[in-house]
Amino acid sequence: MIRERALKIALVTVGLLFVATVYGIVQLPEEETLQMMLSIYVTLGVFLLLAARNPSAHRSLIAFTAWSSFAHAAVMAVQSLHDVAERAHLLIGTLAFAVIGIALVALAPAKLPDAGS
């Protein structure tokens, strides 16, 4: 019960953070590539907020969010090695996405037993 509540809080928190990236879409019109990426995060945020109602019914969405966060963190970590001017920003982002991934994997609902067995 406590784990499910913690997962719901994590889903709402991450969902709101991702939805908040709409600010970057509006404020950075010259950054077209960033706008496209942020539009995916805004959409994912909306679906995470919806998933918070019944997390066990949305296991694959939670898993996707966790593993895509790890992938994003890995790319940012590699980029930080090449872009000294943005290193601090990239490493902070790496940490943030790694924390999101870890939290969602740790709190993910257990797989339901197969009904056909």
# chains A, B, ... in the order shown; residues from 1 in each chain; ligands from 1
call {"tool": "residues_around", "arguments": {"residues": "A:Leu7", "least_positions_apart": "2", "cutoff": "12 Å", "atoms": "only C-alpha atoms", "output": "ChimeraX atom specification"}}
result
/A:1-5,9-15,48-49,51-56,58-59,62,100,102-110
call {"tool": "closest_residue", "arguments": {"among": "A:Ala73, A:Ile40, A:Leu112, A:Leu17", "to": "A:His89", "atoms": "only C-alpha atoms"}}
result
A:Ala73
call {"tool": "residues_around", "arguments": {"residues": "stretch 42-46 of chain A", "least_positions_apart": "3", "cutoff": "8 Å", "atoms": "only C-alpha atoms", "output": "ChimeraX atom specification"}}
result
/A:14-22,38-39,49-50,65
call {"tool": "write_last_selection", "arguments": {"atoms": "N, CA, C and O atoms", "output": "compact mmCIF listing (two decimals), in the first residue's frame"}}
result
# COMPACT_ATOMS: atom_id res chain seq x y z
N VAL A 14 6.69 13.40 -11.60
CA VAL A 14 7.36 13.33 -12.90
C VAL A 14 6.44 13.83 -13.99
O VAL A 14 6.86 14.57 -14.90
N GLY A 15 5.16 13.46 -13.93
CA GLY A 15 4.20 13.93 -14.92
C GLY A 15 4.12 15.45 -14.97
O GLY A 15 4.15 16.05 -16.03
N LEU A 16 4.06 16.07 -13.79
CA LEU A 16 4.00 17.54 -13.75
C LEU A 16 5.29 18.17 -14.25
O LEU A 16 5.26 19.19 -14.95
N LEU A 17 6.44 17.56 -13.89
CA LEU A 17 7.72 18.08 -14.40
C LEU A 17 7.77 18.02 -15.92
O LEU A 17 8.20 18.97 -16.58
N PHE A 18 7.32 16.89 -16.46
CA PHE A 18 7.35 16.74 -17.92
C PHE A 18 6.35 17.68 -18.59
O PHE A 18 6.66 18.27 -19.63
N VAL A 19 5.18 17.84 -18.02
CA VAL A 19 4.20 18.77 -18.59
C VAL A 19 4.74 20.20 -18.54
O VAL A 19 4.50 20.99 -19.46
N ALA A 20 5.49 20.52 -17.49
CA ALA A 20 6.05 21.86 -17.35
C ALA A 20 7.04 22.20 -18.46
O ALA A 20 7.33 23.38 -18.69
N THR A 21 7.54 21.20 -19.17
CA THR A 21 8.47 21.50 -20.26
C THR A 21 7.78 22.21 -21.42
O THR A 21 8.45 22.65 -22.36
N VAL A 22 6.46 22.34 -21.34
CA VAL A 22 5.75 23.13 -22.35
C VAL A 22 6.29 24.57 -22.36
O VAL A 22 6.27 25.23 -23.41
N LEU A 38 10.75 18.28 -26.57
CA LEU A 38 9.93 18.66 -25.43
C LEU A 38 8.46 18.33 -25.65
O LEU A 38 7.75 18.00 -24.70
N SER A 39 8.01 18.37 -26.89
CA SER A 39 6.60 18.02 -27.16
C SER A 39 6.34 16.56 -26.79
O SER A 39 5.25 16.21 -26.30
N LEU A 49 0.38 11.38 -15.69
CA LEU A 49 -0.65 11.87 -14.77
C LEU A 49 -1.89 10.98 -14.83
O LEU A 49 -2.49 10.66 -13.80
N LEU A 50 -2.26 10.55 -16.02
CA LEU A 50 -3.40 9.63 -16.15
C LEU A 50 -3.08 8.27 -15.53
O LEU A 50 -3.94 7.64 -14.91
N THR A 65 8.92 4.94 -19.47
CA THR A 65 9.41 6.20 -18.90
C THR A 65 10.73 5.99 -18.16
O THR A 65 11.66 6.77 -18.32
call {"tool": "atom_distance", "arguments": {"atom1": "atom CA of A:Gln79", "atom2": "atom CA of A:Gly93"}}
result
11.0 Å
call {"tool": "select_by_dssp", "arguments": {"residues": "stretch 53-92 of chain A", "states": "alpha helix (DSSP H)", "output": "PyMOL selection string"}}
result
chain A and resi 59-82+87-92
call {"tool": "residues_around", "arguments": {"residues": "A:Ser69", "least_positions_apart": "6", "cutoff": "8 Å", "atoms": "only C-alpha atoms", "output": "PyMOL selection string"}}
result
chain A and resi 97-98+100-101
call {"tool": "atom_distance", "arguments": {"atom1": "atom CA of A:Met37", "atom2": "atom CA of A:Ala77"}}
result
17.5 Å
call {"tool": "closest_residue", "arguments": {"among": "A:Ala96, A:Leu90, A:Ala63, A:Leu28", "to": "A:Val75", "atoms": "only C-alpha atoms"}}
result
A:Leu90
